[in-house]
>>> print(open('final25.txt').read())   # compact mmCIF, C-alpha atoms
# COMPACT_ATOMS: atom_id res chain seq x y z
CA MET A 1 -16.60 -183.15 24.44
CA LYS A 2 -14.96 -181.11 21.67
CA CYS A 3 -11.31 -180.53 20.86
CA VAL A 4 -10.27 -177.09 22.07
CA THR A 5 -8.32 -176.56 18.83
CA CYS A 6 -10.53 -177.88 16.01
CA ARG A 7 -13.95 -178.52 17.66
CA GLU A 8 -13.94 -182.11 16.38
CA PRO A 9 -14.82 -184.87 18.92
CA ALA A 10 -12.19 -185.04 21.66
CA ILE A 11 -10.57 -188.23 22.94
CA ILE A 12 -9.07 -186.89 26.16
CA ASP A 13 -9.69 -184.16 28.69
CA ILE A 14 -6.84 -182.49 30.55
CA ARG A 15 -8.55 -180.82 33.45
CA ARG A 16 -5.57 -178.83 34.72
CA HIS A 17 -5.46 -177.07 31.34
CA ASN A 18 -9.27 -176.92 31.18
CA SER A 19 -8.90 -178.39 27.68
CA ASN A 20 -10.03 -181.35 25.60
CA PHE A 21 -8.13 -182.62 22.56
CA CYS A 22 -8.68 -184.82 19.53
CA ALA A 23 -5.91 -187.31 18.73
CA GLU A 24 -4.04 -185.02 16.35
CA HIS A 25 -4.08 -182.01 18.63
CA PHE A 26 -3.31 -184.08 21.72
CA ILE A 27 -0.07 -185.21 20.09
CA GLU A 28 0.65 -181.59 19.22
CA GLN A 29 0.01 -180.65 22.84
CA CYS A 30 2.51 -183.29 24.02
CA HIS A 31 5.11 -182.02 21.55
CA ARG A 32 4.50 -178.45 22.75
CA GLN A 33 4.90 -179.34 26.42
CA VAL A 34 8.11 -181.32 25.89
CA ARG A 35 9.58 -178.63 23.63
CA LYS A 36 8.73 -176.03 26.26
CA ALA A 37 10.45 -178.04 29.02
CA ILE A 38 13.57 -178.56 26.90
CA GLU A 39 13.79 -174.86 26.08
CA GLU A 40 12.74 -173.46 29.46
CA PHE A 41 15.36 -175.46 31.33
CA SER A 42 18.02 -175.46 28.55
CA MET A 43 18.14 -179.26 28.59
CA PHE A 44 19.99 -179.99 25.35
CA GLU A 45 20.52 -179.03 21.73
CA LYS A 46 19.88 -180.87 18.46
CA SER A 47 23.62 -181.42 18.12
CA ASP A 48 23.93 -183.21 21.48
CA LYS A 49 24.48 -186.95 21.74
CA ILE A 50 21.48 -188.11 23.76
CA LEU A 51 20.88 -191.33 25.69
CA VAL A 52 17.43 -192.16 27.06
CA ALA A 53 16.93 -194.67 29.87
CA VAL A 54 14.27 -197.10 28.66
CA SER A 55 12.30 -199.49 30.85
CA GLY A 56 9.67 -200.71 28.39
CA GLY A 57 7.04 -198.69 30.26
CA LYS A 58 4.91 -195.83 28.99
CA ASP A 59 7.06 -192.91 30.15
CA SER A 60 10.41 -193.97 28.76
CA LEU A 61 8.98 -195.12 25.43
CA ALA A 62 6.90 -191.93 25.17
CA ILE A 63 9.88 -189.65 25.73
CA TRP A 64 12.03 -191.62 23.29
CA ASP A 65 9.28 -191.26 20.68
CA LEU A 66 8.64 -187.60 21.47
CA LEU A 67 12.31 -186.69 21.15
CA LEU A 68 12.54 -188.51 17.82
CA ASP A 69 9.41 -186.68 16.63
CA LEU A 70 11.02 -183.39 17.63
CA GLY A 71 14.08 -184.15 15.52
CA TYR A 72 16.60 -185.30 18.11
CA THR A 73 18.95 -188.24 17.63
CA VAL A 74 18.54 -190.52 20.64
CA ASP A 75 19.91 -193.93 21.64
CA GLY A 76 18.26 -196.11 24.27
CA LEU A 77 19.63 -197.80 27.38
CA TYR A 78 17.88 -200.75 29.02
CA ILE A 79 18.94 -202.12 32.41
CA GLY A 80 17.85 -205.73 33.10
CA LEU A 81 17.23 -206.10 36.83
CA GLY A 82 16.38 -209.79 37.03
CA ILE A 83 12.83 -209.31 38.29
CA GLY A 84 11.55 -212.55 36.73
CA ASP A 85 8.93 -212.36 33.99
CA TYR A 86 8.51 -208.65 34.60
CA SER A 87 12.06 -207.93 33.44
CA ASP A 88 11.78 -210.34 30.51
CA THR A 89 8.58 -208.69 29.30
CA SER A 90 9.85 -205.14 29.79
CA LEU A 91 12.92 -205.96 27.70
CA ASP A 92 10.65 -207.33 24.95
CA TYR A 93 8.78 -204.01 24.78
CA ALA A 94 11.98 -201.96 24.73
CA ARG A 95 13.49 -204.15 22.01
CA ALA A 96 10.31 -204.14 19.94
CA TYR A 97 10.15 -200.33 19.95
CA ALA A 98 13.82 -200.02 18.99
CA LYS A 99 13.66 -202.72 16.32
CA THR A 100 10.61 -201.38 14.49
CA ARG A 101 12.28 -197.97 14.24
CA SER A 102 15.85 -199.19 13.65
CA LEU A 103 17.13 -197.52 16.82
CA HIS A 104 20.21 -198.34 18.87
CA LEU A 105 19.40 -199.92 22.24
CA ILE A 106 22.20 -200.59 24.72
CA GLU A 107 21.41 -203.47 27.07
CA VAL A 108 22.99 -204.13 30.48
CA ASP A 109 21.83 -207.21 32.37
CA VAL A 110 22.52 -206.98 36.09
CA PRO A 111 22.30 -210.72 36.90
CA THR A 112 24.63 -211.64 34.04
CA THR A 113 27.08 -208.82 34.62
CA PHE A 114 27.06 -208.46 38.39
CA GLY A 115 25.84 -211.85 39.62
CA PHE A 116 22.74 -210.77 41.52
CA ASP A 117 19.12 -209.88 40.87
CA ILE A 118 17.00 -207.27 42.61
CA PRO A 119 14.56 -209.59 44.44
CA ASN A 120 17.25 -211.80 46.00
CA GLY A 121 20.02 -209.22 46.10
CA SER A 122 17.97 -206.63 47.95
CA ARG A 123 16.94 -209.26 50.50
CA ALA A 124 20.54 -210.34 51.04
CA ALA A 125 21.69 -206.73 51.30
CA LYS A 126 18.77 -205.92 53.64
CA ARG A 127 17.57 -203.10 51.39
CA VAL A 128 14.07 -202.27 50.20
CA PRO A 129 13.80 -203.64 46.60
CA CYS A 130 12.92 -200.23 45.12
CA SER A 131 15.92 -198.70 46.86
CA ALA A 132 18.33 -201.35 45.51
CA CYS A 133 16.74 -201.05 42.07
CA GLY A 134 16.96 -197.25 42.02
CA LEU A 135 20.57 -197.30 43.22
CA SER A 136 21.56 -199.87 40.57
CA LYS A 137 19.82 -197.99 37.76
CA ARG A 138 21.29 -194.60 38.69
CA HIS A 139 24.79 -196.07 38.85
CA LEU A 140 24.51 -197.91 35.55
CA PHE A 141 22.81 -194.99 33.77
CA ASP A 142 25.72 -192.77 34.75
CA GLU A 143 28.32 -195.36 33.84
CA GLU A 144 26.88 -196.17 30.42
CA ALA A 145 26.31 -192.51 29.56
CA MET A 146 29.91 -191.67 30.40
CA LYS A 147 31.30 -194.76 28.65
CA GLY A 148 29.34 -194.00 25.51
CA GLY A 149 30.41 -190.36 25.42
CA TYR A 150 26.82 -189.08 25.62
CA ASP A 151 26.26 -185.39 26.33
CA VAL A 152 23.08 -185.97 28.25
CA LEU A 153 21.06 -188.72 29.91
CA VAL A 154 17.28 -188.45 29.57
CA THR A 155 14.93 -190.13 32.00
CA GLY A 156 11.15 -190.51 31.70
CA HIS A 157 10.24 -188.87 35.00
CA ASN A 158 6.94 -187.08 34.55
CA LEU A 159 5.00 -184.46 36.52
CA ASP A 160 3.44 -187.10 38.80
CA ASP A 161 6.85 -188.60 39.58
CA GLU A 162 8.35 -185.24 40.47
CA ALA A 163 5.34 -184.08 42.49
CA ALA A 164 5.31 -187.38 44.43
CA VAL A 165 9.03 -187.22 45.22
CA LEU A 166 8.67 -183.58 46.25
CA PHE A 167 5.72 -184.55 48.44
CA GLY A 168 7.75 -187.27 50.16
CA ASN A 169 10.81 -185.11 50.61
CA THR A 170 8.71 -182.28 52.02
CA LEU A 171 6.71 -184.57 54.26
CA HIS A 172 9.93 -185.78 55.86
CA TRP A 173 11.91 -182.55 55.32
CA HIS A 174 14.70 -184.26 53.45
CA THR A 175 16.23 -180.87 52.76
CA GLU A 176 19.41 -182.39 51.33
CA TYR A 177 17.32 -183.90 48.52
CA LEU A 178 15.08 -180.88 47.91
CA GLY A 179 17.91 -178.84 46.42
CA ARG A 180 18.62 -181.54 43.87
CA GLN A 181 15.06 -182.09 42.71
CA LEU A 182 15.43 -180.15 39.49
CA PRO A 183 14.52 -180.93 35.85
CA VAL A 184 18.20 -180.62 34.97
CA LEU A 185 21.17 -181.84 36.94
CA PRO A 186 24.26 -180.41 35.27
CA ALA A 187 27.21 -182.58 34.34
CA ARG A 188 29.85 -182.61 37.02
CA ASP A 189 32.97 -184.47 37.87
CA GLY A 190 32.33 -187.99 36.56
CA PHE A 191 28.55 -187.62 36.23
CA PRO A 192 26.63 -186.96 32.99
CA ARG A 193 24.05 -184.19 32.63
CA LYS A 194 20.63 -185.62 33.52
CA VAL A 195 17.37 -184.16 32.29
CA LYS A 196 13.63 -184.83 32.64
CA PRO A 197 11.80 -183.49 29.57
CA LEU A 198 8.44 -185.00 30.67
CA VAL A 199 8.04 -182.76 33.73
CA ARG A 200 5.26 -180.79 32.02
CA LEU A 201 3.23 -183.94 31.22
CA ALA A 202 1.25 -186.00 33.74
CA GLU A 203 1.57 -189.76 33.50
CA ARG A 204 -2.04 -190.04 32.34
CA GLU A 205 -0.87 -188.04 29.33
CA THR A 206 2.24 -190.14 28.65
CA ALA A 207 0.07 -193.27 28.74
CA ALA A 208 -2.47 -191.61 26.44
CA TYR A 209 0.36 -190.56 24.11
CA CYS A 210 1.50 -194.19 23.76
CA ILE A 211 -2.05 -195.40 23.09
CA VAL A 212 -2.70 -192.73 20.46
CA LYS A 213 0.67 -193.35 18.78
CA GLY A 214 0.21 -197.14 18.85
CA ILE A 215 3.26 -197.70 21.06
CA ASP A 216 3.01 -201.00 22.95
CA TYR A 217 4.29 -200.73 26.50
CA LEU A 218 4.35 -202.79 29.66
CA ILE A 219 1.12 -201.98 31.53
CA ASP A 220 1.61 -204.13 34.61
CA GLU A 221 3.25 -202.56 37.62
CA CYS A 222 6.55 -203.92 38.86
CA PRO A 223 5.74 -206.68 41.39
CA MET A 224 8.41 -205.30 43.73
CA ALA A 225 6.83 -201.83 43.83
CA ALA A 226 3.42 -202.84 45.19
CA GLY A 227 2.58 -200.86 48.29
CA ASN A 228 5.65 -198.63 48.22
CA LYS A 229 5.57 -195.09 49.58
CA HIS A 230 6.04 -193.45 46.19
CA LEU A 231 2.82 -195.00 44.86
CA GLY A 232 1.04 -193.96 48.05
CA TYR A 233 2.14 -190.36 47.55
CA LYS A 234 0.90 -190.45 43.96
CA ASN A 235 -2.50 -191.71 45.07
CA ALA A 236 -2.71 -188.99 47.70
CA LEU A 237 -1.81 -186.28 45.19
CA ASN A 238 -4.34 -187.64 42.68
CA GLU A 239 -7.06 -187.35 45.33
CA ILE A 240 -6.11 -183.68 45.73
CA GLU A 241 -5.87 -183.21 41.95
CA ALA A 242 -9.36 -184.66 41.43
CA GLY A 243 -10.85 -181.88 43.54
CA SER A 244 -8.38 -179.20 42.52
CA PRO A 245 -7.14 -179.65 38.93
CA GLY A 246 -3.65 -178.21 38.51
CA ALA A 247 -2.62 -178.87 42.11
CA LYS A 248 0.29 -181.17 41.14
CA HIS A 249 1.60 -178.71 38.56
CA SER A 250 1.29 -175.81 40.98
CA PHE A 251 3.02 -177.79 43.75
CA TYR A 252 6.01 -178.81 41.63
CA PHE A 253 6.50 -175.72 39.49
CA GLY A 254 5.81 -173.44 42.47
CA PHE A 255 8.62 -175.26 44.26
CA LEU A 256 10.99 -174.74 41.32
CA ASP A 257 10.06 -171.05 41.03
CA ARG A 258 9.96 -170.07 44.66
CA ALA A 259 11.61 -172.61 46.94
CA ALA A 260 14.27 -174.83 45.30
CA GLU A 261 16.97 -172.18 45.53
CA PHE A 262 16.74 -172.15 49.33
CA PHE A 263 17.95 -175.75 49.45
CA ALA A 264 20.71 -175.45 46.85
CA ALA A 265 23.54 -174.85 49.33
CA GLU A 266 22.77 -177.95 51.35
CA ALA A 267 22.45 -180.05 48.21
CA SER A 268 25.90 -178.97 47.07
CA ILE A 269 27.63 -180.18 50.24
CA ASP A 270 27.69 -183.82 49.16
CA ARG A 271 29.29 -182.82 45.88
CA GLU A 272 32.44 -181.91 47.73
CA GLY A 273 35.19 -184.38 48.41
CA LEU A 274 34.38 -186.75 45.57
CA GLY A 275 36.97 -189.36 44.74
CA ALA A 276 37.06 -192.47 42.58
CA CYS A 277 35.52 -195.71 43.88
CA ALA A 278 38.30 -198.19 44.61
CA SER A 279 36.35 -200.94 42.85
CA CYS A 280 34.75 -199.35 39.80
CA GLY A 281 36.13 -195.82 39.54
CA ALA A 282 32.74 -194.13 39.88
CA PRO A 283 32.63 -190.83 41.76
CA THR A 284 31.95 -191.35 45.45
CA THR A 285 32.55 -189.71 48.79
CA SER A 286 33.46 -193.09 50.28
CA GLU A 287 36.30 -195.46 49.46
CA THR A 288 33.82 -197.77 47.70
CA CYS A 289 30.68 -196.48 45.96
CA ALA A 290 27.18 -197.44 47.10
CA PHE A 291 26.61 -199.67 44.08
CA CYS A 292 29.77 -201.70 44.61
CA ARG A 293 28.83 -202.10 48.28
CA LEU A 294 25.39 -203.31 47.18
CA VAL A 295 26.94 -205.83 44.77
CA GLU A 296 29.11 -207.22 47.55
CA ARG A 297 26.28 -207.43 50.10
CA ALA A 298 23.92 -208.93 47.52
CA GLY A 299 26.34 -211.77 46.95
CA GLY A 300 27.30 -210.68 43.45
CA GLN A 301 30.65 -209.80 42.02
CA LEU A 302 32.01 -206.90 40.03
CA PRO A 303 33.20 -207.69 36.52
CA GLU A 304 36.94 -207.86 35.95
CA ARG A 305 37.89 -204.39 34.77
CA ASN A 306 41.55 -205.00 34.09
CA GLY A 307 41.12 -208.03 31.90
CA VAL A 308 42.59 -208.70 28.49
CA ASN A 309 39.74 -206.98 26.69
CA ALA A 310 39.71 -203.88 28.88
CA VAL A 311 40.18 -200.55 27.14
CA ALA A 312 41.02 -197.22 28.70
CA VAL A 313 38.11 -194.78 28.70
CA ASP A 314 38.21 -191.18 29.89
CA LEU A 315 35.27 -190.94 32.25
CA GLY A 316 36.27 -187.70 33.93
CA PRO A 317 38.76 -186.89 36.66
CA THR A 318 37.06 -188.95 39.36
CA ARG A 319 35.75 -191.78 37.21
CA LEU A 320 39.20 -193.28 36.84
CA GLY A 321 40.44 -196.60 35.61
CA VAL A 322 39.49 -198.84 32.76
CA VAL A 323 36.25 -200.41 31.73
CA GLN A 324 35.51 -203.38 29.53
CA MET B 1 -19.65 -209.80 39.94
CA PHE B 2 -20.10 -206.03 40.01
CA GLY B 3 -23.54 -204.84 38.87
CA LEU B 4 -24.65 -208.35 37.96
CA SER B 5 -28.38 -208.91 38.10
CA ALA B 6 -30.41 -212.07 37.85
CA CYS B 7 -31.48 -211.58 34.25
CA ASP B 8 -29.15 -212.50 31.42
CA HIS B 9 -28.85 -209.15 29.61
CA VAL B 10 -25.78 -208.55 27.51
CA ARG B 11 -23.56 -206.18 29.49
CA VAL B 12 -20.57 -203.90 29.19
CA LYS B 13 -17.45 -205.97 29.61
CA VAL B 14 -14.77 -204.26 31.68
CA ARG B 15 -11.17 -205.40 32.06
CA LEU B 16 -9.15 -204.08 34.99
CA HIS B 17 -5.42 -204.42 35.75
CA ASN B 18 -3.19 -204.87 38.79
CA PRO B 19 -4.54 -207.45 39.40
CA ARG B 20 -6.04 -208.37 36.04
CA ARG B 21 -9.73 -209.18 36.30
CA ASP B 22 -12.92 -208.90 34.24
CA LEU B 23 -16.29 -207.47 35.26
CA ASP B 24 -19.70 -207.24 33.63
CA ILE B 25 -21.47 -203.92 34.18
CA GLU B 26 -25.03 -203.12 33.24
CA GLY B 27 -25.27 -200.39 30.60
CA PRO B 28 -25.87 -197.77 29.49
CA ILE B 29 -23.40 -195.86 31.64
CA THR B 30 -21.02 -192.98 31.00
CA ILE B 31 -17.29 -193.42 31.55
CA ILE B 32 -17.33 -190.85 34.35
CA ASN B 33 -20.15 -192.66 36.13
CA LEU B 34 -18.52 -196.03 35.57
CA LEU B 35 -15.27 -194.85 37.17
CA ALA B 36 -17.18 -193.33 40.07
CA ARG B 37 -19.11 -196.57 40.52
CA LEU B 38 -15.85 -198.54 40.61
CA ASP B 39 -14.35 -195.92 42.98
CA LEU B 40 -11.53 -195.16 40.52
CA ASN B 41 -9.85 -191.76 40.31
CA ARG B 42 -10.07 -190.26 36.81
CA GLU B 43 -6.53 -188.95 37.20
CA ALA B 44 -5.20 -192.47 37.65
CA VAL B 45 -6.73 -194.36 34.72
CA LEU B 46 -7.52 -194.26 31.01
CA VAL B 47 -10.37 -196.07 29.31
CA VAL B 48 -9.51 -197.91 26.10
CA ARG B 49 -11.83 -199.56 23.57
CA ASP B 50 -10.45 -201.40 20.55
CA GLY B 51 -7.09 -199.73 21.07
CA GLU B 52 -8.52 -196.20 21.20
CA LEU B 53 -9.12 -193.79 24.07
CA VAL B 54 -12.71 -193.30 25.19
CA PRO B 55 -13.55 -189.81 26.51
CA GLY B 56 -15.19 -189.33 29.90
CA ASP B 57 -18.56 -188.15 28.62
CA GLU B 58 -19.08 -191.12 26.30
CA SER B 59 -21.89 -193.49 27.19
CA LEU B 60 -21.20 -197.22 27.10
CA SER B 61 -23.94 -199.55 26.07
CA ASP B 62 -24.42 -203.29 26.13
CA ASP B 63 -21.95 -205.20 23.98
CA ASP B 64 -19.21 -202.63 24.60
CA SER B 65 -15.96 -204.14 25.78
CA ILE B 66 -13.51 -201.75 27.42
CA GLU B 67 -10.25 -201.82 29.32
CA ILE B 68 -9.59 -199.54 32.29
CA ARG B 69 -5.87 -199.01 32.17
CA PRO B 70 -3.96 -197.74 35.23
CA VAL B 71 -1.44 -195.01 34.56
CA ILE B 72 0.31 -194.83 37.93
CA SER B 73 3.68 -196.49 38.00
CA GLY B 74 7.08 -196.33 39.53
CA GLY B 75 9.22 -197.15 42.49
CA GLU B 76 11.85 -195.08 44.20
CA GLN B 77 13.74 -192.62 42.03
>>> encode(input="final25.txt", output="structure tokens")
Amino acid sequence: MKCVTCREPAIIDIRRHNSNFCAEHFIEQCHRQVRKAIEEFSMFEKSDKILVAVSGGKDSLAIWDLLLDLGYTVDGLYIGLGIGDYSDTSLDYARAYAKTRSLHLIEVDVPTTFGFDIPNGSRAAKRVPCSACGLSKRHLFDEEAMKGGYDVLVTGHNLDDEAAVLFGNTLHWHTEYLGRQLPVLPARDGFPRKVKPLVRLAERETAAYCIVKGIDYLIDECPMAAGNKHLGYKNALNEIEAGSPGAKHSFYFGFLDRAAEFFAAEASIDREGLGACASCGAPTTSETCAFCRLVERAGGQLPERNGVNAVAVDLGPTRLGVVQ
Amino acid sequence: MFGLSACDHVRVKVRLHNPRRDLDIEGPITIINLLARLDLNREAVLVVRDGELVPGDESLSDDDSIEIRPVISGGEQ
């Protein structure tokens, strides 16, 4: 197996590109794909203040590293979810990456700050753990990005993630979600701009990137995720991909090119009528946002936001109030 | 033990994850054939030896020690 660029021995094959790469040219390929995604979807500029959500896994550490390689200035955000040893270990990986490169890592610990953890809290709230985890992370990503004055929030969602979510949403015709499944969600009232620069890389490539670059990441899967639908969809798509290389790319990018626009109107409906959550000030269509309801049902408590140390922060017209 | 025979040949040592376990496989065997034998999808794993990626066409021989690393991850978005 020879590198398609230099004809030296290759270390990886990427069948959907019908190409093999040596280590040097594989890294170049990753840079090229991320640069292309950033430019094609106008994700951000070099002058933007960028925050990347970091879990300690391969995708988030790969995108942090890729963006730094490409010359962007990027801070990290880690959310501790209280999933036992798994959370402890994932934080170790995130901290180790940041420390060795002298990067700024913001840490938010859900059990310490909100008085519940995902395993027990999701059970008490009668929610699937992955659902409670996803809801908590989305809320805290938004909040920290707005608090910190970041122009854009980067997440490590890759081609497999997007294809699997699209597969699930199509399988069940969740048309309200299909219109929002884009590589860029623009900033709007109280929400930061959110972007996914890894959409042109499969997760086999983000893992390979970390190995080639010597980035240590958490290999083990989250114990709460075992057997979830999302992983099942990924396995199904990989079976298709094995017999038809490029199927995942074609599915997702074909959707963006030819179908996403048909669902845009429905996706915009829930953006109307946003007000500030009575508890935390986050944008919501209800009196209390979904995260604050989760905290209450999980037996936790929201931090005091009008305490002595509270400072006023402008979080947008609907993200009112003060935060500590 | 997968591929274990009665004789005491030195074999390819294979580490798998989720759950973590170790196997001994009789060599020589290519990566592609090894993955097929273990019923693993090439799209879902990487093979690592001494911290470096091993390409699919490489043949493993006795005394090799490799790790088959899963790449699928993630819960609900």
>>> interface_residues(input="final25.txt", of="chain B", to="chain A", cutoff="9 Å", atoms="all atoms listed in the file", output="list in words")
His17, Asn18, Pro19, Arg20, Asn41, Arg42, Glu43, Ala44, Val45, Leu46, Val48, Gly51, Glu52, Leu53, Val54, Pro55, Gly56, Asp57, Glu58, Arg69, Pro70, Val71, Ile72, Ser73, Gly74, Gly75, Glu76 and Gln77 of chain B
>>> closest_residue(input="final25.txt", among="A:Glu261, A:Glu287, A:Asp216, A:Asp151", to="A:Met43", atoms="all atoms listed in the file")
A:Asp151
>>> atom_distance(input="final25.txt", atom1="atom CA of A:Asp189", atom2="atom CA of A:Ala282")
9.9 Å
>>> atom_distance(input="final25.txt", atom1="atom CA of A:Phe141", atom2="atom CA of A:Phe167")
24.8 Å
>>> residues_around(input="final25.txt", residues="A:Glu107", least_positions_apart="3", cutoff="9 Å", atoms="only C-alpha atoms", output="ChimeraX atom specification")
/A:76-80,91
>>> atom_distance(input="final25.txt", atom1="atom CA of A:Cys289", atom2="atom CA of A:Ser136")
11.1 Å
>>> closest_residue(input="final25.txt", among="B:Ile66, B:Arg15, B:Arg49, B:Leu60", to="B:Ile32", atoms="all atoms listed in the file")
B:Leu60
>>> residues_around(input="final25.txt", residues="A:Val152", least_positions_apart="2", cutoff="7 Å", atoms="all atoms listed in the file", output="MDAnalysis selection string")
chainID A and resid 49:51 150 154 192:194
>>> residues_around(input="final25.txt", residues="stretch 172-186 of chain A", least_positions_apart="4", cutoff="9 Å", atoms="only C-alpha atoms", output="short mmCIF file (atom, residue, chain, number, x, y, z; two decimals) with C-alpha atoms, in the coordinates of the input")
data_model
loop_
_atom_site.label_atom_id
_atom_site.label_comp_id
_atom_site.auth_asym_id
_atom_site.auth_seq_id
_atom_site.Cartn_x
_atom_site.Cartn_y
_atom_site.Cartn_z
CA ALA A 37 10.45 -178.04 29.02
CA PHE A 41 15.36 -175.46 31.33
CA SER A 42 18.02 -175.46 28.55
CA MET A 43 18.14 -179.26 28.59
CA GLU A 162 8.35 -185.24 40.47
CA VAL A 165 9.03 -187.22 45.22
CA LEU A 166 8.67 -183.58 46.25
CA PHE A 167 5.72 -184.55 48.44
CA GLY A 168 7.75 -187.27 50.16
CA PHE A 191 28.55 -187.62 36.23
CA PRO A 192 26.63 -186.96 32.99
CA ARG A 193 24.05 -184.19 32.63
CA LYS A 194 20.63 -185.62 33.52
CA VAL A 195 17.37 -184.16 32.29
CA LYS A 196 13.63 -184.83 32.64
CA PRO A 197 11.80 -183.49 29.57
CA LEU A 198 8.44 -185.00 30.67
CA VAL A 199 8.04 -182.76 33.73
CA LEU A 256 10.99 -174.74 41.32
CA ALA A 259 11.61 -172.61 46.94
CA ALA A 260 14.27 -174.83 45.30
CA GLU A 261 16.97 -172.18 45.53
CA PHE A 262 16.74 -172.15 49.33
CA PHE A 263 17.95 -175.75 49.45
CA ALA A 264 20.71 -175.45 46.85
CA ALA A 265 23.54 -174.85 49.33
CA GLU A 266 22.77 -177.95 51.35
CA ALA A 267 22.45 -180.05 48.21
CA SER A 268 25.90 -178.97 47.07
CA ILE A 269 27.63 -180.18 50.24
CA ASP A 270 27.69 -183.82 49.16
#
>>> closest_residue(input="final25.txt", among="A:Ala125, A:Asn120, A:Thr100, A:Gly243", to="A:Asp65", atoms="all atoms listed in the file")
A:Thr100
>>> residues_around(input="final25.txt", residues="B:Asp24", least_positions_apart="5", cutoff="6 Å", atoms="all atoms listed in the file", output="PyMOL selection string")
chain B and resi 11-13
>>> residues_near_point(input="final25.txt", point="(10.9, -178.3, 22.2)", cutoff="12 Å", atoms="all atoms listed in the file", output="count of residues only")
30
